[in-house]
Structure formats: structure tokens, C-alpha cells
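Chemist: Coordinates in input.pdb, PDB, C-alpha atoms, are listed below.
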MODEL        1
ATOM      1  CA  MET A   1      16.375  12.934 -12.652
ATOM      2  CA  ASN A   2      14.025  11.505 -10.055
ATOM      3  CA  ASN A   3      14.302  12.536  -6.360
ATOM      4  CA  LEU A   4      14.839   8.971  -5.139
ATOM      5  CA  LYS A   5      17.516   8.322  -7.760
ATOM      6  CA  GLN A   6      19.308  11.547  -6.790
ATOM      7  CA  THR A   7      19.116  10.576  -3.116
ATOM      8  CA  TYR A   8      20.519   7.151  -3.956
ATOM      9  CA  GLU A   9      23.411   8.592  -5.976
ATOM     10  CA  LYS A  10      24.332  11.351  -3.506
ATOM     11  CA  GLU A  11      23.596   9.891  -0.045
ATOM     12  CA  ILE A  12      22.590   6.228   0.043
ATOM     13  CA  LYS A  13      25.614   4.970  -1.917
ATOM     14  CA  ASP A  14      27.985   6.698   0.528
ATOM     15  CA  LYS A  15      26.158   5.337   3.590
ATOM     16  CA  LEU A  16      26.212   1.781   2.208
ATOM     17  CA  LYS A  17      29.890   2.059   1.234
ATOM     18  CA  GLU A  18      30.772   3.269   4.720
ATOM     19  CA  GLU A  19      28.670   0.692   6.601
ATOM     20  CA  PHE A  20      29.673  -2.413   4.619
ATOM     21  CA  LYS A  21      33.248  -1.211   3.840
ATOM     22  CA  TYR A  22      33.110  -1.741   0.069
ATOM     23  CA  GLY A  23      36.446  -1.296  -1.709
ATOM     24  CA  ASN A  24      34.913  -0.832  -5.145
ATOM     25  CA  VAL A  25      31.983   1.402  -6.159
ATOM     26  CA  MET A  26      30.573  -1.445  -8.264
ATOM     27  CA  GLU A  27      30.059  -3.544  -5.097
ATOM     28  CA  ILE A  28      27.494  -1.118  -3.706
ATOM     29  CA  PRO A  29      24.062  -2.764  -3.962
ATOM     30  CA  GLN A  30      21.260  -1.204  -5.942
ATOM     31  CA  VAL A  31      17.736  -2.070  -7.004
ATOM     32  CA  VAL A  32      18.095  -3.602 -10.476
ATOM     33  CA  LYS A  33      14.410  -3.998 -11.339
ATOM     34  CA  VAL A  34      10.911  -4.121  -9.889
ATOM     35  CA  VAL A  35       8.487  -6.773 -11.117
ATOM     36  CA  ILE A  36       4.725  -6.376 -10.617
ATOM     37  CA  ASN A  37       2.751  -9.579 -11.070
ATOM     38  CA  VAL A  38      -0.961 -10.393 -10.855
ATOM     39  CA  GLY A  39      -2.284 -13.917 -11.113
ATOM     40  CA  VAL A  40      -5.722 -14.066 -12.728
ATOM     41  CA  GLY A  41      -7.244 -17.466 -12.080
ATOM     42  CA  GLU A  42     -10.661 -16.563 -13.464
ATOM     43  CA  ALA A  43      -9.114 -15.727 -16.854
ATOM     44  CA  THR A  44      -9.743 -19.366 -17.836
ATOM     45  CA  SER A  45     -13.497 -18.705 -17.935
ATOM     46  CA  SER A  46     -13.586 -15.081 -19.164
ATOM     47  CA  SER A  47     -11.199 -13.424 -21.615
ATOM     48  CA  GLN A  48     -12.234  -9.846 -20.702
ATOM     49  CA  VAL A  49     -10.848 -10.262 -17.179
ATOM     50  CA  ILE A  50      -7.231 -10.395 -18.326
ATOM     51  CA  GLU A  51      -7.659  -7.182 -20.358
ATOM     52  CA  LYS A  52      -9.148  -5.313 -17.367
ATOM     53  CA  VAL A  53      -6.255  -6.411 -15.168
ATOM     54  CA  ARG A  54      -3.794  -5.469 -17.909
ATOM     55  CA  GLU A  55      -5.265  -1.943 -18.093
ATOM     56  CA  GLN A  56      -5.069  -1.562 -14.307
ATOM     57  CA  ILE A  57      -1.425  -2.685 -14.130
ATOM     58  CA  ALA A  58      -0.575  -0.371 -17.048
ATOM     59  CA  ALA A  59      -2.118   2.524 -15.099
ATOM     60  CA  ILE A  60      -0.212   1.597 -11.930
ATOM     61  CA  SER A  61       3.176   1.093 -13.588
ATOM     62  CA  GLY A  62       3.051   3.505 -16.527
ATOM     63  CA  GLN A  63       4.173   0.706 -18.828
ATOM     64  CA  GLN A  64       2.346  -1.954 -20.878
ATOM     65  CA  PRO A  65       2.390  -5.296 -19.039
ATOM     66  CA  SER A  66       2.744  -8.650 -20.736
ATOM     67  CA  ILE A  67       0.273 -11.497 -20.440
ATOM     68  CA  ARG A  68       1.656 -14.639 -18.793
ATOM     69  CA  LEU A  69       0.610 -17.985 -20.230
ATOM     70  CA  ALA A  70       0.238 -21.351 -18.511
ATOM     71  CA  LYS A  71       3.250 -23.620 -18.968
ATOM     72  CA  LYS A  72       1.520 -26.771 -17.739
ATOM     73  CA  ALA A  73      -1.963 -28.209 -18.102
ATOM     74  CA  ILE A  74      -3.765 -28.774 -14.796
ATOM     75  CA  SER A  75      -7.120 -30.481 -15.229
ATOM     76  CA  ALA A  76      -8.298 -29.725 -11.668
ATOM     77  CA  PHE A  77      -8.150 -26.000 -12.504
ATOM     78  CA  LYS A  78      -9.451 -26.446 -16.080
ATOM     79  CA  LEU A  79      -6.148 -25.060 -17.284
ATOM     80  CA  ARG A  80      -4.526 -25.801 -20.635
ATOM     81  CA  VAL A  81      -1.013 -25.035 -21.868
ATOM     82  CA  GLY A  82      -0.817 -21.580 -23.444
ATOM     83  CA  GLN A  83      -3.883 -20.206 -21.673
ATOM     84  CA  PRO A  84      -3.508 -16.677 -20.189
ATOM     85  CA  ILE A  85      -3.279 -16.851 -16.375
ATOM     86  CA  GLY A  86      -1.598 -13.623 -15.302
ATOM     87  CA  VAL A  87      -0.185 -10.210 -16.068
ATOM     88  CA  SER A  88       3.352  -9.063 -15.352
ATOM     89  CA  VAL A  89       5.429  -5.937 -15.886
ATOM     90  CA  THR A  90       9.131  -5.306 -15.245
ATOM     91  CA  LEU A  91      10.246  -1.780 -14.394
ATOM     92  CA  ARG A  92      13.830  -0.605 -14.763
ATOM     93  CA  GLY A  93      15.631   2.733 -14.753
ATOM     94  CA  GLU A  94      13.683   5.959 -14.415
ATOM     95  CA  ARG A  95      10.222   4.327 -14.309
ATOM     96  CA  MET A  96      11.402   1.995 -11.562
ATOM     97  CA  TYR A  97      12.608   4.883  -9.391
ATOM     98  CA  GLN A  98       9.357   6.799  -9.991
ATOM     99  CA  PHE A  99       7.333   3.743  -8.973
ATOM    100  CA  LEU A 100       9.474   3.106  -5.866
ATOM    101  CA  GLU A 101       9.180   6.701  -4.714
ATOM    102  CA  LYS A 102       5.401   6.657  -5.217
ATOM    103  CA  LEU A 103       5.099   3.303  -3.426
ATOM    104  CA  PHE A 104       7.219   4.267  -0.406
ATOM    105  CA  LYS A 105       5.964   7.830   0.098
ATOM    106  CA  VAL A 106       2.331   7.789  -1.069
ATOM    107  CA  ILE A 107       0.780   4.354  -1.473
ATOM    108  CA  LEU A 108       1.990   2.336   1.528
ATOM    109  CA  PRO A 109       1.348   5.137   4.064
ATOM    110  CA  ARG A 110      -2.236   5.404   2.684
ATOM    111  CA  VAL A 111      -3.049   1.796   3.621
ATOM    112  CA  ARG A 112      -5.445   1.650   6.545
ATOM    113  CA  ASP A 113      -3.902   0.406   9.829
ATOM    114  CA  PHE A 114      -0.501   0.234   8.158
ATOM    115  CA  GLN A 115       2.192  -0.911  10.591
ATOM    116  CA  GLY A 116       4.980  -1.313   8.037
ATOM    117  CA  VAL A 117       6.023  -4.148   5.730
ATOM    118  CA  SER A 118       7.419  -7.433   7.017
ATOM    119  CA  GLN A 119      11.165  -7.862   7.380
ATOM    120  CA  ASP A 120      10.854 -11.604   6.700
ATOM    121  CA  SER A 121      10.153 -11.447   2.954
ATOM    122  CA  PHE A 122      13.765 -11.499   1.739
ATOM    123  CA  ASP A 123      15.169 -14.450  -0.153
ATOM    124  CA  ASN A 124      18.793 -15.602   0.211
ATOM    125  CA  PHE A 125      19.875 -13.547  -2.808
ATOM    126  CA  GLY A 126      18.807 -10.164  -1.391
ATOM    127  CA  ASN A 127      15.510  -9.841  -3.278
ATOM    128  CA  TYR A 128      12.369  -8.677  -1.488
ATOM    129  CA  ASN A 129       8.773  -9.781  -2.180
ATOM    130  CA  LEU A 130       5.840  -7.627  -1.166
ATOM    131  CA  GLY A 131       2.276  -8.871  -1.479
ATOM    132  CA  LEU A 132      -0.587  -6.383  -1.583
ATOM    133  CA  LYS A 133      -4.153  -7.518  -0.941
ATOM    134  CA  GLU A 134      -5.833  -5.109  -3.332
ATOM    135  CA  GLN A 135      -5.025  -2.982  -6.348
ATOM    136  CA  THR A 136      -7.363  -0.175  -5.230
ATOM    137  CA  ILE A 137      -4.739   1.368  -2.913
ATOM    138  CA  PHE A 138      -3.126   2.887  -6.002
ATOM    139  CA  PRO A 139      -4.556   6.344  -6.836
ATOM    140  CA  GLU A 140      -4.507   5.557 -10.595
ATOM    141  CA  ILE A 141      -7.194   2.898 -10.193
ATOM    142  CA  ASP A 142     -10.749   4.194 -10.586
ATOM    143  CA  TYR A 143     -12.681   2.333  -7.898
ATOM    144  CA  SER A 144     -15.960   2.543  -9.851
ATOM    145  CA  LYS A 145     -14.421   0.599 -12.771
ATOM    146  CA  VAL A 146     -13.011  -2.225 -10.622
ATOM    147  CA  ASP A 147     -14.885  -5.477 -11.231
ATOM    148  CA  LYS A 148     -13.106  -7.474  -8.520
ATOM    149  CA  ILE A 149     -10.507  -6.779  -5.835
ATOM    150  CA  ARG A 150      -7.282  -8.569  -6.762
ATOM    151  CA  GLY A 151      -3.986  -8.950  -4.982
ATOM    152  CA  LEU A 152      -0.642  -8.303  -6.593
ATOM    153  CA  GLU A 153       2.968  -9.175  -5.882
ATOM    154  CA  ILE A 154       5.809  -6.714  -6.154
ATOM    155  CA  THR A 155       9.345  -8.110  -6.290
ATOM    156  CA  PHE A 156      12.330  -5.844  -5.691
ATOM    157  CA  VAL A 157      15.345  -7.430  -7.394
ATOM    158  CA  THR A 158      18.662  -6.162  -6.029
ATOM    159  CA  ASN A 159      22.265  -7.035  -6.732
ATOM    160  CA  ALA A 160      23.032  -7.231  -3.001
ATOM    161  CA  LYS A 161      25.004 -10.253  -1.802
ATOM    162  CA  ASN A 162      22.733 -11.061   1.154
ATOM    163  CA  LYS A 163      19.610 -10.142   3.119
ATOM    164  CA  GLU A 164      21.333  -7.627   5.403
ATOM    165  CA  GLU A 165      22.739  -5.525   2.548
ATOM    166  CA  SER A 166      19.430  -5.608   0.710
ATOM    167  CA  LYS A 167      17.434  -4.673   3.811
ATOM    168  CA  LYS A 168      19.715  -1.717   4.533
ATOM    169  CA  LEU A 169      19.459  -0.565   0.896
ATOM    170  CA  LEU A 170      15.650  -0.663   0.878
ATOM    171  CA  GLU A 171      15.505   0.905   4.344
ATOM    172  CA  LEU A 172      17.659   3.848   3.217
ATOM    173  CA  MET A 173      15.516   4.221   0.078
ATOM    174  CA  GLY A 174      12.437   4.659   2.259
ATOM    175  CA  MET A 175      10.865   1.197   2.559
ATOM    176  CA  PRO A 176       8.686   1.403   5.696
ATOM    177  CA  PHE A 177       9.680  -1.799   7.517
ATOM    178  CA  ARG A 178       7.634  -2.905  10.515
ATOM    179  CA  LYS A 179       9.330  -2.338  13.838
ATOM    180  CA  GLU A 180       9.707  -5.853  15.224
ATOM    181  CA  SER A 181       8.612  -5.891  18.852
ATOM    182  CA  ILE A 182      10.623  -7.977  21.311
ATOM    183  CA  SER A 183       8.242  -9.990  23.467
TER
ENDMDL
END
Go ahead and express the file in the form of C-alpha cells.
Modeler:
Amino acid sequence: MNNLKQTYEKEIKDKLKEEFKYGNVMEIPQVVKVVINVGVGEATSSSQVIEKVREQIAAISGQQPSIRLAKKAISAFKLRVGQPIGVSVTLRGERMYQFLEKLFKVILPRVRDFQGVSQDSFDNFGNYNLGLKEQTIFPEIDYSKVDKIRGLEITFVTNAKNKEESKKLLELMGMPFRKESIS
């Protein structure tokens, strides 16, 4: 069992139950899945681009990503229905906990001038969206093989009822939130 999962089971669950006064163990929020998504706009002109991005996301996540296809045709972007425009992977269970632990303890602290992640990226359902400017912050990516720096979105899907519960859950799991300064 993963360290983060053990910590969640033994400590975090109890802290959340105590703080939010849950009557049932099933009410305690948890991270259900983590979705990593990369939009590849230039895939319309070159088919090799999507395969390179797919390999990089597979290296980052440890799981084969799926190619996302366009649902609508947009002539301004030279986009047709069914054309590949992105790569996405959904992590659950053990792989998800491994990825979260790596992200919180290794990758985010390695980012230059890192002040913490924003506390404003929660939706009303308790999910958190994190945007990263480049894929090269992951140690699995060989910088010499990178053709272009690309951003990626990471969505943490929780079963929390609101933003506060979700924020506390991610905070206890090790998410390095930015300390909001009062000015």
C-alpha cells in the first residue's frame, strides 16, 4: 500500500471526521480520480505530435492515455469532427495515490519560484483544477526529446460536498496551497 493512501486511511480520515462532524464513515470525502489532460492544437497539421504527447503523458502517469477527438467542426481553427485534438488519462486507485504523492512531494516543490498553488481553483462540487505551464517539470520527461513545451491540466475529482471540505482534504494530503496574504 502506498504511503499517502496509508496516511489517508489512518490519519486524514479521522481528522476530517472530527472537524466536519460526520456521523457516517461513508460521508468522509476522498479523492475519487485524477484526470490529466493536454490539449494539442497543432495536431491538426501534424499527426506525429499527438503520439509524442501521448508518450509523454504515459511516462508521467504510468498508464496509457486516450486520444480525445473533436466533437465540433470549427473552420477558423481548421478543425473537423473526429480529428485528434488532445490526450487524456484518468487515474484511480493505487496509481492515483502514487501520482498524488509524487506531485505533492517531488514535482511541485521542484518548480522554480514556487509559492504554492492557488486556493481559487475549486468548483462548487469540491473538485480542484491545477494548470501546469510545462510538462518538463516531471522527472520522467527527457528534456532532449521534447519538441515543444506544452501545458497540462490536472483535475482532482473528490466526493466532497463543497469547497471547504475538498480544500481541507487536499491540504491534509499534502497539497501545497499558497498562503494568501492579507493586504
Chemist: So that I can see what lies close to range 147-159 of chain A, please list as a compact mmCIF listing (two decimals) with C-alpha atoms, keeping the file's coordinate frame the residues with an atom at most 6 Å from it, counting all atoms listed in the file and leaving out residues fewer than 4 positions away in the same chain.
Modeler:
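Below is the file out-v2.txt, written as the result:
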# COMPACT_ATOMS: atom_id res chain seq x y z
CA PRO A 29 24.06 -2.76 -3.96
CA GLN A 30 21.26 -1.20 -5.94
CA VAL A 31 17.74 -2.07 -7.00
CA VAL A 32 18.10 -3.60 -10.48
CA LYS A 33 14.41 -4.00 -11.34
CA VAL A 34 10.91 -4.12 -9.89
CA VAL A 35 8.49 -6.77 -11.12
CA ILE A 36 4.72 -6.38 -10.62
CA ASN A 37 2.75 -9.58 -11.07
CA VAL A 38 -0.96 -10.39 -10.86
CA ASN A 127 15.51 -9.84 -3.28
CA TYR A 128 12.37 -8.68 -1.49
CA ASN A 129 8.77 -9.78 -2.18
CA LEU A 130 5.84 -7.63 -1.17
CA GLY A 131 2.28 -8.87 -1.48
CA LEU A 132 -0.59 -6.38 -1.58
CA LYS A 133 -4.15 -7.52 -0.94
CA GLU A 134 -5.83 -5.11 -3.33
Chemist: Excluding Glu140 in chain A and any residue of its chain fewer than 2 positions from it, enumerate the residues within 12 Å of it, using only C-alpha atoms, and give them as a list in words.
Modeler: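 In the requested form, the answer reads Glu55, Gln56, Ile57, Ala58, Ala59, Ile60, Ser61, Gly62, Lys102, Val106, Ile107, Gln135, Thr136, Ile137, Phe138, Asp142, Tyr143, Ser144, Lys145 and Val146 of chain A.
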Chemist: Starting from the displayed file, determine the output of the PyMOL selection byres ((chain A and resi 7-10) around 12) and express the residue list as a PyMOL selection string.
Modeler: chain A and resi 1-6+11-17+25+28-31+97+100-101+169-174
Chemist: What gap, in Å, lies between CA of Ala73 in chain A and CA of Leu91 in chain A?
Modeler: 29.3 Å
Chemist: Go through A:Tyr22, A:Phe104, A:Phe77, A:Phe114 one by one, measure the shortest atom-to-atom distance of each to Arg178 in chain A using all atoms listed in the file, and give the residue with the smallest value.
Modeler: A:Phe114
Chemist: How many Å separate CA of Asp123 in chain A from CA of Lys163 in chain A?
Modeler: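 Pair CA of Asp123 in chain A / CA of Lys163 in chain A returns 7.0 Å.
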Chemist: Please indicate the distance in Å from CA of Pro84 in chain A to CA of Ser46 in chain A, rounded to one decimal place.
Modeler: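 So the answer is 10.3 Å.
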Chemist: List every protein, DNA or RNA residue with an atom no more than 8 Å from (0.5, -23.2, -16.3) in the file's coordinates, counting all atoms listed in the file, and format the result as number ranges by chain.
Modeler: A: 69-74, 79-83, 85
Chemist: Using all atoms listed in the file, find the one residue out of A:Lys78, A:Phe99, A:Lys168, A:Pro65 that sits nearest to Val53 in chain A.
Modeler: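 Checking each of A:Lys78, A:Phe99, A:Lys168, A:Pro65 against Val53 in chain A, counting all atoms listed in the file, the winner is A:Pro65.
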Chemist: Contacts of Lys179 in chain A at 12 Å or less, counting all atoms listed in the file, minus same-chain residues fewer than 3 places along, as a list in words?
Modeler: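 Here the answer would be Phe114, Gln115, Gly116, Val117, Ser118, Gln119, Asp120, Glu171, Met175, Pro176 and Ile182 of chain A.
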Chemist: Would you list the contacts of Val40 in chain A as a PyMOL selection string, taking every protein, DNA or RNA residue within 8 Å and counting all atoms listed in the file, but skipping same-chain residues closer than 3 positions in sequence?
Modeler: chain A and resi 43+49-50+85-87
Chemist: Find, counting only C-alpha atoms, the residue in A:Phe125, A:Glu94, A:Phe20, A:Ser66 that gets nearest to Lys161 in chain A.
Modeler: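 Ranking A:Phe125, A:Glu94, A:Phe20, A:Ser66 by distance to Lys161 in chain A, first place goes to A:Phe125.
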Chemist: Selecting N, CA and C atoms, how would range 38-62 of chain A from this structure be written as a PDB file, in the first residue's frame?
Modeler:
ATOM      1  N   VAL A  38      -4.141  17.132 -21.842  1.00  0.00           N
ATOM      2  CA  VAL A  38      -3.297  18.025 -22.630  1.00  0.00           C
ATOM      3  C   VAL A  38      -4.001  18.308 -23.948  1.00  0.00           C
ATOM      4  N   GLY A  39      -4.249  19.565 -24.208  1.00  0.00           N
ATOM      5  CA  GLY A  39      -4.811  19.959 -25.495  1.00  0.00           C
ATOM      6  C   GLY A  39      -3.687  20.151 -26.492  1.00  0.00           C
ATOM      7  N   VAL A  40      -3.830  19.583 -27.684  1.00  0.00           N
ATOM      8  CA  VAL A  40      -2.775  19.657 -28.691  1.00  0.00           C
ATOM      9  C   VAL A  40      -3.366  20.290 -29.945  1.00  0.00           C
ATOM     10  N   GLY A  41      -3.322  21.603 -30.001  1.00  0.00           N
ATOM     11  CA  GLY A  41      -3.896  22.325 -31.125  1.00  0.00           C
ATOM     12  C   GLY A  41      -3.195  22.059 -32.443  1.00  0.00           C
ATOM     13  N   GLU A  42      -1.876  21.879 -32.390  1.00  0.00           N
ATOM     14  CA  GLU A  42      -1.116  21.673 -33.626  1.00  0.00           C
ATOM     15  C   GLU A  42      -1.248  20.260 -34.183  1.00  0.00           C
ATOM     16  N   ALA A  43      -2.040  19.415 -33.532  1.00  0.00           N
ATOM     17  CA  ALA A  43      -2.266  18.054 -34.026  1.00  0.00           C
ATOM     18  C   ALA A  43      -3.045  18.064 -35.338  1.00  0.00           C
ATOM     19  N   THR A  44      -3.733  19.170 -35.640  1.00  0.00           N
ATOM     20  CA  THR A  44      -4.482  19.264 -36.894  1.00  0.00           C
ATOM     21  C   THR A  44      -3.554  19.279 -38.096  1.00  0.00           C
ATOM     22  N   SER A  45      -2.326  19.797 -37.921  1.00  0.00           N
ATOM     23  CA  SER A  45      -1.393  19.878 -39.041  1.00  0.00           C
ATOM     24  C   SER A  45      -0.358  18.751 -39.058  1.00  0.00           C
ATOM     25  N   SER A  46      -0.099  18.120 -37.919  1.00  0.00           N
ATOM     26  CA  SER A  46       0.915  17.064 -37.853  1.00  0.00           C
ATOM     27  C   SER A  46       0.430  15.924 -36.966  1.00  0.00           C
ATOM     28  N   SER A  47       0.407  14.716 -37.522  1.00  0.00           N
ATOM     29  CA  SER A  47      -0.097  13.567 -36.761  1.00  0.00           C
ATOM     30  C   SER A  47       0.931  13.005 -35.770  1.00  0.00           C
ATOM     31  N   GLN A  48       2.216  13.298 -35.967  1.00  0.00           N
ATOM     32  CA  GLN A  48       3.243  12.787 -35.045  1.00  0.00           C
ATOM     33  C   GLN A  48       3.186  13.488 -33.691  1.00  0.00           C
ATOM     34  N   VAL A  49       2.665  14.708 -33.672  1.00  0.00           N
ATOM     35  CA  VAL A  49       2.628  15.499 -32.443  1.00  0.00           C
ATOM     36  C   VAL A  49       1.802  14.794 -31.371  1.00  0.00           C
ATOM     37  N   ILE A  50       0.664  14.280 -31.753  1.00  0.00           N
ATOM     38  CA  ILE A  50      -0.235  13.636 -30.784  1.00  0.00           C
ATOM     39  C   ILE A  50       0.414  12.393 -30.190  1.00  0.00           C
ATOM     40  N   GLU A  51       1.198  11.665 -30.979  1.00  0.00           N
ATOM     41  CA  GLU A  51       1.883  10.466 -30.472  1.00  0.00           C
ATOM     42  C   GLU A  51       2.992  10.835 -29.491  1.00  0.00           C
ATOM     43  N   LYS A  52       3.715  11.924 -29.756  1.00  0.00           N
ATOM     44  CA  LYS A  52       4.763  12.376 -28.824  1.00  0.00           C
ATOM     45  C   LYS A  52       4.151  12.768 -27.487  1.00  0.00           C
ATOM     46  N   VAL A  53       3.048  13.515 -27.547  1.00  0.00           N
ATOM     47  CA  VAL A  53       2.371  13.936 -26.322  1.00  0.00           C
ATOM     48  C   VAL A  53       1.830  12.714 -25.583  1.00  0.00           C
ATOM     49  N   ARG A  54       1.304  11.765 -26.318  1.00  0.00           N
ATOM     50  CA  ARG A  54       0.766  10.542 -25.717  1.00  0.00           C
ATOM     51  C   ARG A  54       1.866   9.777 -24.964  1.00  0.00           C
ATOM     52  N   GLU A  55       3.046   9.685 -25.568  1.00  0.00           N
ATOM     53  CA  GLU A  55       4.177   9.012 -24.911  1.00  0.00           C
ATOM     54  C   GLU A  55       4.583   9.744 -23.630  1.00  0.00           C
ATOM     55  N   GLN A  56       4.607  11.077 -23.690  1.00  0.00           N
ATOM     56  CA  GLN A  56       4.996  11.861 -22.518  1.00  0.00           C
ATOM     57  C   GLN A  56       3.996  11.691 -21.373  1.00  0.00           C
ATOM     58  N   ILE A  57       2.707  11.738 -21.682  1.00  0.00           N
ATOM     59  CA  ILE A  57       1.683  11.574 -20.644  1.00  0.00           C
ATOM     60  C   ILE A  57       1.705  10.151 -20.092  1.00  0.00           C
ATOM     61  N   ALA A  58       1.994   9.172 -20.927  1.00  0.00           N
ATOM     62  CA  ALA A  58       2.121   7.785 -20.458  1.00  0.00           C
ATOM     63  C   ALA A  58       3.287   7.667 -19.475  1.00  0.00           C
ATOM     64  N   ALA A  59       4.387   8.358 -19.766  1.00  0.00           N
ATOM     65  CA  ALA A  59       5.546   8.337 -18.870  1.00  0.00           C
ATOM     66  C   ALA A  59       5.220   9.018 -17.540  1.00  0.00           C
ATOM     67  N   ILE A  60       4.505  10.128 -17.602  1.00  0.00           N
ATOM     68  CA  ILE A  60       4.148  10.875 -16.392  1.00  0.00           C
ATOM     69  C   ILE A  60       3.182  10.078 -15.515  1.00  0.00           C
ATOM     70  N   SER A  61       2.177   9.475 -16.131  1.00  0.00           N
ATOM     71  CA  SER A  61       1.101   8.845 -15.357  1.00  0.00           C
ATOM     72  C   SER A  61       1.307   7.356 -15.092  1.00  0.00           C
ATOM     73  N   GLY A  62       2.114   6.694 -15.911  1.00  0.00           N
ATOM     74  CA  GLY A  62       2.292   5.255 -15.767  1.00  0.00           C
ATOM     75  C   GLY A  62       1.125   4.473 -16.341  1.00  0.00           C
TER      76      GLY A  62
END
